[in-house]
file model.txt (compact mmCIF, C-alpha atoms)
# COMPACT_ATOMS: atom_id res chain seq x y z
CA MET A 717 27.93 6.25 13.53
CA THR A 718 28.94 6.63 9.87
CA GLY A 719 27.04 5.94 6.66
CA THR A 720 23.31 5.67 6.09
CA GLY A 721 23.18 1.91 6.50
CA PHE A 722 21.57 1.71 3.06
CA GLU A 723 24.76 1.79 0.96
CA THR A 724 24.38 -1.76 -0.32
CA LEU A 725 20.61 -2.09 -0.15
CA LYS A 726 18.82 -2.94 -3.38
CA ALA A 727 15.22 -1.81 -3.66
CA LEU A 728 12.52 -2.62 -6.18
CA ILE A 729 9.57 -0.33 -6.93
CA VAL A 730 6.53 -2.00 -8.50
CA GLU A 731 4.07 0.67 -9.59
CA ASP A 732 2.17 1.32 -12.82
CA ASN A 733 2.10 5.09 -12.37
CA ALA A 734 5.32 6.67 -13.63
CA HIS A 735 4.88 9.78 -11.46
CA MET A 736 4.49 7.69 -8.33
CA ARG A 737 7.57 5.64 -9.29
CA THR A 738 9.57 8.86 -9.66
CA LEU A 739 8.34 10.14 -6.32
CA LEU A 740 9.15 6.89 -4.51
CA ARG A 741 12.59 6.78 -6.08
CA ALA A 742 13.24 10.37 -4.98
CA LEU A 743 12.18 9.57 -1.41
CA LEU A 744 14.35 6.44 -1.25
CA ASN A 745 17.27 8.41 -2.74
CA SER A 746 16.91 11.04 -0.04
CA ALA A 747 17.43 8.32 2.59
CA GLY A 748 20.57 7.12 0.82
CA ILE A 749 19.05 4.19 -1.08
CA LYS A 750 20.62 4.42 -4.50
CA GLU A 751 20.26 0.99 -6.08
CA ILE A 752 16.65 1.02 -7.20
CA ALA A 753 14.98 -0.97 -9.96
CA GLU A 754 11.51 -0.25 -11.27
CA ALA A 755 8.75 -2.41 -12.72
CA GLY A 756 5.35 -1.37 -14.04
CA ASN A 757 3.41 -4.44 -12.89
CA GLY A 758 3.71 -7.74 -11.07
CA VAL A 759 4.82 -9.78 -14.07
CA ALA A 760 7.71 -7.46 -14.86
CA ALA A 761 8.62 -7.34 -11.17
CA LEU A 762 8.83 -11.13 -10.90
CA THR A 763 11.20 -11.17 -13.86
CA LEU A 764 13.34 -8.45 -12.26
CA LEU A 765 13.42 -10.29 -8.95
CA ARG A 766 14.85 -13.33 -10.69
CA GLU A 767 17.48 -11.30 -12.54
CA ARG A 768 18.58 -9.02 -9.75
CA LYS A 769 18.76 -9.39 -5.98
CA SER A 770 16.27 -7.14 -4.17
CA ASP A 771 16.33 -6.53 -0.41
CA LEU A 772 13.19 -4.41 -0.19
CA VAL A 773 10.09 -4.18 -2.38
CA LEU A 774 7.60 -1.32 -2.56
CA SER A 775 4.53 -2.45 -4.49
CA ASP A 776 1.32 -0.83 -5.63
CA LEU A 777 -1.86 -2.88 -5.26
CA ALA A 778 -3.93 -2.24 -8.41
CA MET A 779 -1.93 -3.02 -11.56
CA LYS A 780 -2.45 -4.95 -14.78
CA PRO A 781 -1.85 -7.66 -15.90
CA MET A 782 -0.72 -8.79 -12.43
CA ASP A 783 -1.70 -6.83 -9.34
CA GLY A 784 0.26 -6.42 -6.13
CA LEU A 785 -1.66 -9.14 -4.29
CA GLU A 786 -0.90 -11.84 -6.86
CA PHE A 787 2.69 -10.59 -7.10
CA THR A 788 3.07 -10.93 -3.32
CA ARG A 789 1.54 -14.42 -3.31
CA ARG A 790 3.93 -15.49 -6.05
CA VAL A 791 6.96 -14.07 -4.25
CA ARG A 792 5.99 -15.83 -1.04
CA ASN A 793 4.80 -19.15 -2.42
CA ASP A 794 6.33 -19.94 -5.81
CA GLU A 795 8.64 -22.90 -5.68
CA HIS A 796 11.30 -20.98 -7.61
CA SER A 797 10.85 -17.64 -5.86
CA PRO A 798 14.31 -16.05 -5.49
CA ASN A 799 13.54 -14.62 -2.04
CA PRO A 800 10.26 -15.61 -0.34
CA PHE A 801 11.27 -13.61 2.75
CA VAL A 802 11.85 -10.26 1.05
CA PRO A 803 10.04 -7.43 2.88
CA ILE A 804 7.15 -6.08 0.80
CA ILE A 805 5.53 -2.75 1.57
CA MET A 806 2.20 -2.45 -0.21
CA ILE A 807 1.32 1.11 -1.12
CA SER A 808 -2.27 1.75 -2.14
CA GLY A 809 -5.11 4.22 -2.23
CA HIS A 810 -7.45 1.23 -1.77
CA THR A 811 -7.63 1.50 1.98
CA GLU A 812 -10.94 -0.25 2.58
CA LYS A 813 -10.61 -2.76 5.41
CA TYR A 814 -11.26 -5.82 3.26
CA ARG A 815 -8.52 -4.79 0.84
CA VAL A 816 -6.00 -4.22 3.62
CA GLN A 817 -6.88 -7.66 4.98
CA ALA A 818 -6.43 -9.17 1.51
CA ALA A 819 -2.97 -7.61 1.33
CA ARG A 820 -2.10 -8.95 4.76
CA ASP A 821 -3.35 -12.42 3.81
CA ALA A 822 -1.31 -12.34 0.59
CA GLY A 823 1.80 -11.92 2.77
CA VAL A 824 2.75 -8.24 2.68
CA THR A 825 5.04 -7.03 5.42
CA GLU A 826 3.64 -3.51 5.76
CA PHE A 827 0.74 -1.55 4.27
CA LEU A 828 1.09 2.14 3.42
CA ALA A 829 -1.97 4.17 2.45
CA LYS A 830 -1.79 6.78 -0.28
CA PRO A 831 -1.40 9.70 -0.26
CA ILE A 832 2.09 8.88 0.90
CA THR A 833 4.31 11.07 3.00
CA ALA A 834 8.03 10.71 3.57
CA HIS A 835 7.35 10.30 7.28
CA ASN A 836 4.95 7.40 6.76
CA LEU A 837 7.15 5.64 4.22
CA PHE A 838 10.22 5.95 6.44
CA ALA A 839 8.21 4.75 9.45
CA ARG A 840 7.30 1.54 7.59
CA ILE A 841 10.92 0.93 6.55
CA THR A 842 12.09 1.63 10.12
CA GLU A 843 9.59 -0.93 11.41
CA ILE A 844 11.01 -3.57 9.04
CA VAL A 845 14.59 -2.68 9.92
CA GLU A 846 14.15 -2.55 13.68
CA ARG A 847 11.55 -5.24 14.25
CA PRO A 848 11.85 -7.94 11.60
CA ARG A 849 8.91 -10.27 11.97
CA ALA A 850 8.85 -14.02 12.25
CA PHE A 851 7.45 -15.88 9.27
CA VAL A 852 4.65 -18.38 9.56
CA ARG A 853 4.09 -21.41 7.40
CA CYS A 854 0.79 -23.23 7.69
CA ASP A 855 -1.65 -24.98 5.36
CA ASN A 856 -3.05 -21.85 3.77
CA TYR A 857 -0.51 -19.13 4.47
CA PHE A 858 3.15 -18.34 4.18
CA GLY A 859 4.35 -14.88 5.12
CA PRO A 860 5.12 -12.53 7.98
CA ASP A 861 3.36 -13.31 11.24
CA ARG A 862 0.04 -11.47 10.99
CA ARG A 863 -0.33 -11.23 14.77
CA ARG A 864 1.58 -8.08 15.44
CA HIS A 865 0.84 -7.73 19.13
CA GLN A 866 2.17 -10.11 21.72
CA LEU A 867 -0.03 -10.48 24.79
CA ASP A 868 2.22 -10.40 27.84
CA ASP A 869 -0.30 -12.20 30.03
CA TYR A 870 -1.14 -14.92 27.51
CA ALA A 871 -0.17 -18.32 28.89
CA GLY A 872 -1.58 -20.78 26.38
CA PRO A 873 0.09 -22.21 23.28
CA TRP A 874 -2.79 -21.45 20.89
CA ARG A 875 -4.06 -18.02 19.92
CA ARG A 876 -6.92 -19.08 17.67
CA LYS A 877 -8.94 -22.16 16.87
CA ASP A 878 -7.24 -22.93 13.57
CA ASP A 879 -3.75 -22.76 15.04
CA PHE A 880 -3.90 -26.50 15.07
CA GLN A 881 -5.60 -29.14 13.04
CA GLN A 882 -7.26 -32.28 14.21
CA GLU A 883 -5.42 -35.36 13.10
CA VAL A 884 -7.55 -38.41 13.37
CA ASP A 885 -5.91 -41.70 14.17
CA VAL A 886 -8.33 -44.56 13.84
CA ARG A 887 -7.19 -47.79 15.42
CA MET B 1048 -9.87 -45.11 19.34
CA LYS B 1049 -9.46 -41.54 18.12
CA THR B 1050 -6.74 -39.22 19.28
CA ALA B 1051 -6.37 -35.56 18.41
CA VAL B 1052 -2.84 -34.44 17.67
CA LYS B 1053 -2.18 -30.73 17.60
CA LYS B 1054 -0.07 -29.61 14.67
CA GLN B 1055 1.47 -26.23 15.23
CA PRO B 1056 2.18 -23.90 12.32
CA GLN B 1057 5.86 -23.59 11.56
CA ILE B 1058 7.29 -20.36 12.94
CA ILE B 1059 10.46 -19.10 11.30
CA ALA B 1060 12.25 -16.66 13.60
CA PRO B 1061 13.87 -13.53 12.12
CA ASP B 1062 17.38 -14.74 12.91
CA VAL B 1063 16.81 -17.90 10.88
CA TYR B 1064 15.92 -16.38 7.51
CA PRO B 1065 17.98 -13.87 5.46
CA GLN B 1066 17.43 -10.32 6.68
CA MET B 1067 17.20 -7.15 4.63
CA MET B 1068 20.48 -5.94 6.13
CA SER B 1069 23.04 -6.75 8.81
CA LYS B 1070 22.39 -5.68 12.41
CA PRO B 1071 25.01 -2.89 12.39
CA ASN B 1072 23.55 -1.56 9.13
CA ALA B 1073 20.04 -1.84 10.57
CA ALA B 1074 21.00 0.39 13.50
CA ARG B 1075 22.52 2.93 11.11
CA ALA B 1076 19.51 2.75 8.78
CA ALA B 1077 17.03 3.36 11.60
CA HIS B 1078 19.11 6.32 12.74
CA THR B 1079 19.14 7.67 9.17
CA LEU B 1080 15.38 7.36 8.77
CA ARG B 1081 14.78 9.30 11.99
CA SER B 1082 17.24 12.07 11.30
CA ALA B 1083 16.01 15.62 10.81
CA ASP B 1084 18.42 16.11 7.89
CA ILE B 1085 16.89 13.24 5.99
CA ALA B 1086 13.36 14.54 6.71
CA VAL B 1087 14.35 17.89 5.21
CA LYS B 1088 15.92 16.19 2.18
CA ALA B 1089 12.84 14.03 1.68
CA GLN B 1090 10.52 17.03 1.93
CA ALA B 1091 12.63 18.86 -0.65
CA ALA B 1092 12.50 15.80 -2.90
CA MET B 1093 8.71 15.73 -2.65
CA GLU B 1094 8.40 19.43 -3.33
CA ALA B 1095 10.60 19.08 -6.40
CA GLN B 1096 8.11 16.57 -7.79
CA MET B 1097 5.06 18.74 -7.16
CA PRO B 1098 4.87 20.68 -10.44
CA ALA B 1099 5.05 17.46 -12.49
CA MET B 1100 2.54 15.79 -10.22
CA ARG B 1101 0.11 18.68 -10.43
CA ALA B 1102 0.36 18.58 -14.21
CA ALA B 1103 -0.28 14.84 -14.11
CA ILE B 1104 -3.34 15.33 -11.88
CA LEU B 1105 -4.78 17.85 -14.31
CA GLY B 1106 -4.25 15.30 -17.08
CA TYR B 1107 -6.15 12.67 -15.05
CA VAL B 1108 -8.91 15.19 -14.35
CA GLU B 1109 -9.36 15.75 -18.08
CA GLU B 1110 -9.52 12.00 -18.65
CA LEU B 1111 -11.98 11.68 -15.78
CA GLU B 1112 -14.24 14.30 -17.31
CA LYS B 1113 -14.06 12.64 -20.71
CA ALA B 1114 -14.90 9.24 -19.22
CA GLN B 1115 -18.53 10.36 -18.69
CA ASP B 1116 -20.69 7.19 -18.56
CA ASP B 1117 -17.81 4.72 -18.52
CA MET B 1118 -17.93 4.04 -14.80
CA THR B 1119 -14.96 1.68 -14.85
CA LEU B 1120 -12.83 4.44 -16.32
CA VAL B 1121 -14.31 7.01 -13.93
CA PHE B 1122 -13.30 4.84 -10.97
CA GLU B 1123 -9.84 4.22 -12.43
CA LYS B 1124 -9.12 7.91 -12.95
CA ALA B 1125 -10.67 8.98 -9.64
CA HIS B 1126 -8.49 6.37 -7.96
CA GLU B 1127 -5.35 7.77 -9.62
CA ILE B 1128 -6.32 11.27 -8.48
CA ARG B 1129 -6.99 10.28 -4.88
CA GLY B 1130 -3.70 8.39 -4.89
CA PHE B 1131 -1.51 11.40 -5.10
CA ALA B 1132 -3.49 14.65 -5.39
CA GLU B 1133 -2.77 15.39 -1.76
CA THR B 1134 0.92 14.63 -2.25
CA ALA B 1135 0.84 17.15 -5.09
CA GLY B 1136 -0.65 19.74 -2.73
CA LEU B 1137 -4.21 19.38 -4.07
CA VAL B 1138 -5.80 18.40 -0.78
CA THR B 1139 -9.44 19.13 -1.58
CA THR B 1140 -9.16 17.46 -4.98
CA GLY B 1141 -7.85 14.33 -3.32
CA ARG B 1142 -10.54 14.44 -0.67
CA ILE B 1143 -13.39 14.67 -3.21
CA ALA B 1144 -11.80 11.91 -5.32
CA ASP B 1145 -11.69 9.78 -2.17
CA ILE B 1146 -15.40 10.43 -1.52
CA LEU B 1147 -16.21 9.37 -5.09
CA CYS B 1148 -14.06 6.23 -4.94
CA ARG B 1149 -15.55 5.13 -1.64
CA TYR B 1150 -19.08 5.70 -2.96
CA MET B 1151 -18.42 3.67 -6.12
CA ASP B 1152 -16.66 0.95 -4.17
CA ASP B 1153 -19.45 0.67 -1.58
CA MET B 1154 -22.20 0.57 -4.22
CA GLU B 1155 -20.30 -2.16 -6.05
CA ARG B 1156 -19.95 -4.08 -2.80
CA ILE B 1157 -23.69 -3.94 -2.00
CA LYS B 1158 -24.51 -4.58 -5.68
CA LYS B 1159 -26.57 -1.43 -6.18
CA PRO B 1160 -26.66 0.80 -9.28
CA LEU B 1161 -24.72 4.03 -9.14
CA ASP B 1162 -26.52 7.35 -9.04
CA VAL B 1163 -24.98 8.82 -12.20
CA THR B 1164 -26.01 12.35 -11.25
CA LEU B 1165 -24.15 12.04 -7.98
CA VAL B 1166 -21.09 10.69 -9.80
CA ALA B 1167 -21.24 13.59 -12.28
CA LEU B 1168 -21.53 16.07 -9.39
CA ASN B 1169 -18.38 14.64 -7.81
CA VAL B 1170 -16.52 14.63 -11.13
CA SER B 1171 -17.44 18.27 -11.67
CA ALA B 1172 -16.31 19.16 -8.13
CA ILE B 1173 -12.99 17.35 -8.65
CA GLY B 1174 -12.40 19.33 -11.86
CA ARG B 1175 -13.21 22.62 -10.24
CA ALA B 1176 -11.09 21.90 -7.17
CA ALA B 1177 -8.06 20.77 -9.20
CA ARG B 1178 -8.13 23.91 -11.35
CA THR B 1179 -8.69 26.41 -8.56
CA GLU B 1180 -7.03 24.97 -5.48
CA ASP B 1181 -4.55 27.49 -4.17
CA GLY B 1182 -3.92 26.58 -0.57
CA ASN B 1183 -7.01 28.39 0.74
CA ALA B 1184 -9.14 25.31 0.96
CA THR B 1185 -12.04 26.74 2.98
CA MET B 1186 -14.55 26.73 0.14
CA GLY B 1187 -13.27 23.40 -1.11
CA ASP B 1188 -13.67 21.95 2.38
CA VAL B 1189 -17.30 23.07 2.48
CA VAL B 1190 -17.99 21.51 -0.93
CA ALA B 1191 -16.20 18.28 0.04
CA ALA B 1192 -18.13 18.08 3.31
CA GLU B 1193 -21.46 18.60 1.52
CA LEU B 1194 -20.59 15.96 -1.08
CA ALA B 1195 -19.57 13.53 1.64
CA ALA B 1196 -22.92 14.08 3.41
CA LEU B 1197 -24.82 13.62 0.15
CA VAL B 1198 -22.93 10.42 -0.67
CA ALA B 1199 -23.54 9.10 2.85
CA ARG B 1200 -27.30 9.71 2.47
CA ARG B 1201 -27.38 7.97 -0.95
CA LEU B 1202 -25.43 5.02 0.47
CA ALA B 1203 -27.79 4.75 3.43
CA ASP B 1204 -30.79 4.84 1.07
CA ALA B 1205 -29.22 2.21 -1.18
CA SER B 1206 -28.39 -0.05 1.76
CA GLN B 1207 -31.96 0.08 3.03
CA GLY B 1208 -33.57 -0.25 -0.40

call {"tool": "encode", "arguments": {"input": "model.txt", "output": "structure tokens"}}
result
Amino acid sequence: MTGTGFETLKALIVEDNAHMRTLLRALLNSAGIKEIAEAGNGVAALTLLRERKSDLVLSDLAMKPMDGLEFTRRVRNDEHSPNPFVPIIMISGHTEKYRVQAARDAGVTEFLAKPITAHNLFARITEIVERPRAFVRCDNYFGPDRRRHQLDDYAGPWRRKDDFQQEVDVR
Amino acid sequence: MKTAVKKQPQIIAPDVYPQMMSKPNAARAAHTLRSADIAVKAQAAMEAQMPAMRAAILGYVEELEKAQDDMTLVFEKAHEIRGFAETAGLVTTGRIADILCRYMDDMERIKKPLDVTLVALNVSAIGRAARTEDGNATMGDVVAAELAALVARRLADASQG
């Protein structure tokens, strides 16, 4: 097996802290990812995404003027989004459950809690590489399938009540 | 007559949308990310960043101390510190910053006023930890544990009150 597999991969780091950007770049470099662009917030990142192809996005959560949640929603849902399917790893020190759920509901692919380690970052990228997830489009969500575990003994078509909507046909 | 028609969400399988990389590259990439050589390289890359990160943390600590009664700024700076103090090798500093952030976040969530003395105590402990942390974190661990217990009691009081 030759090469790292990352020779042509283009990554985008969205992070308002310059030190964290430098650290993330160094970690990606060490894995052989060389083509890396950086943005300091969601607005700048959206512009970069339109100008340059990106195969993988690492995004902070708390940024101004556009945070990582809004950035993710825009990537997933904007009519003119250059790649609504791009994997997004959200990296944040805000690890409270409701914030992680908000990130998931915005459409992130993976969530990585700060403080980061190389092992944890690489584990998230490995997960994306080895087990790409199906995407789901419904009335109020577009993004990676949020149900990560498949139940082997589940026989029914529906997993939750709002998996379908009632359509009323009045004759 | 009314009939209910089930409308399933659209599922887009991974082989239908553009993937991050080709399958052969994916196999190579996974192998790369699991290799011991890459782990060593990554660790070296992190260690190379440590002096700059430590300096940055000390800068944030100074800003945190200057923030005083500006609780928005206190939270912002404490959040920066907890974000990468541990990565910079300042484990206790990061732990105390985490205690402070969680306290401020919880009080905000239950809409209760902050105990400014408790915030100041945490800020002071963060400053002391950042300036003295040297790998022997025993004393820092004791301080962090006591602060965590104190914060937990204040939160419990606030939740009941």

call {"tool": "interface_residues", "arguments": {"input": "model.txt", "of": "chain B", "to": "chain A", "cutoff": "8 Å", "atoms": "all atoms listed in the file", "output": "VMD selection string"}}
result
chain B and resid 1048 to 1061 1064 to 1068 1071 to 1081 1085 to 1086 1088 to 1090 1092 to 1093 1096 1099 to 1100 1103 1126 1129 to 1134

call {"tool": "write_last_selection", "arguments": {"input": "model.txt", "atoms": "C-alpha atoms", "output": "compact mmCIF listing (two decimals), in the frame of the given file"}}
result
# COMPACT_ATOMS: atom_id res chain seq x y z
CA MET B 1048 -9.87 -45.11 19.34
CA LYS B 1049 -9.46 -41.54 18.12
CA THR B 1050 -6.74 -39.22 19.28
CA ALA B 1051 -6.37 -35.56 18.41
CA VAL B 1052 -2.84 -34.44 17.67
CA LYS B 1053 -2.18 -30.73 17.60
CA LYS B 1054 -0.07 -29.61 14.67
CA GLN B 1055 1.47 -26.23 15.23
CA PRO B 1056 2.18 -23.90 12.32
CA GLN B 1057 5.86 -23.59 11.56
CA ILE B 1058 7.29 -20.36 12.94
CA ILE B 1059 10.46 -19.10 11.30
CA ALA B 1060 12.25 -16.66 13.60
CA PRO B 1061 13.87 -13.53 12.12
CA TYR B 1064 15.92 -16.38 7.51
CA PRO B 1065 17.98 -13.87 5.46
CA GLN B 1066 17.43 -10.32 6.68
CA MET B 1067 17.20 -7.15 4.63
CA MET B 1068 20.48 -5.94 6.13
CA PRO B 1071 25.01 -2.89 12.39
CA ASN B 1072 23.55 -1.56 9.13
CA ALA B 1073 20.04 -1.84 10.57
CA ALA B 1074 21.00 0.39 13.50
CA ARG B 1075 22.52 2.93 11.11
CA ALA B 1076 19.51 2.75 8.78
CA ALA B 1077 17.03 3.36 11.60
CA HIS B 1078 19.11 6.32 12.74
CA THR B 1079 19.14 7.67 9.17
CA LEU B 1080 15.38 7.36 8.77
CA ARG B 1081 14.78 9.30 11.99
CA ILE B 1085 16.89 13.24 5.99
CA ALA B 1086 13.36 14.54 6.71
CA LYS B 1088 15.92 16.19 2.18
CA ALA B 1089 12.84 14.03 1.68
CA GLN B 1090 10.52 17.03 1.93
CA ALA B 1092 12.50 15.80 -2.90
CA MET B 1093 8.71 15.73 -2.65
CA GLN B 1096 8.11 16.57 -7.79
CA ALA B 1099 5.05 17.46 -12.49
CA MET B 1100 2.54 15.79 -10.22
CA ALA B 1103 -0.28 14.84 -14.11
CA HIS B 1126 -8.49 6.37 -7.96
CA ARG B 1129 -6.99 10.28 -4.88
CA GLY B 1130 -3.70 8.39 -4.89
CA PHE B 1131 -1.51 11.40 -5.10
CA ALA B 1132 -3.49 14.65 -5.39
CA GLU B 1133 -2.77 15.39 -1.76
CA THR B 1134 0.92 14.63 -2.25

call {"tool": "atom_distance", "arguments": {"input": "model.txt", "atom1": "atom CA of Arg1149 of chain B", "atom2": "atom CA of Leu1168 of chain B"}}
result
14.7 Å

call {"tool": "atom_distance", "arguments": {"input": "model.txt", "atom1": "atom CA of Glu754 of chain A", "atom2": "atom CA of Ile804 of chain A"}}
result
14.1 Å

call {"tool": "residues_around", "arguments": {"input": "model.txt", "residues": "Arg1201 of chain B", "least_positions_apart": "3", "cutoff": "9 Å", "atoms": "only C-alpha atoms", "output": "PyMOL selection string"}}
result
chain B and resi 1150+1162+1165+1196-1198+1204-1206

call {"tool": "closest_residue", "arguments": {"input": "model.txt", "among": "A:Lys750, A:Ala727, A:Tyr814, A:Arg766", "to": "Asp794 of chain A", "atoms": "only C-alpha atoms"}}
result
A:Arg766

call {"tool": "closest_residue", "arguments": {"input": "model.txt", "among": "A:Leu764, A:Met779, A:Leu774, A:Leu785", "to": "Ile805 of chain A", "atoms": "only C-alpha atoms"}}
result
A:Leu774

call {"tool": "atom_distance", "arguments": {"input": "model.txt", "atom1": "atom CA of Ala822 of chain A", "atom2": "atom CA of Glu786 of chain A"}}
result
7.5 Å
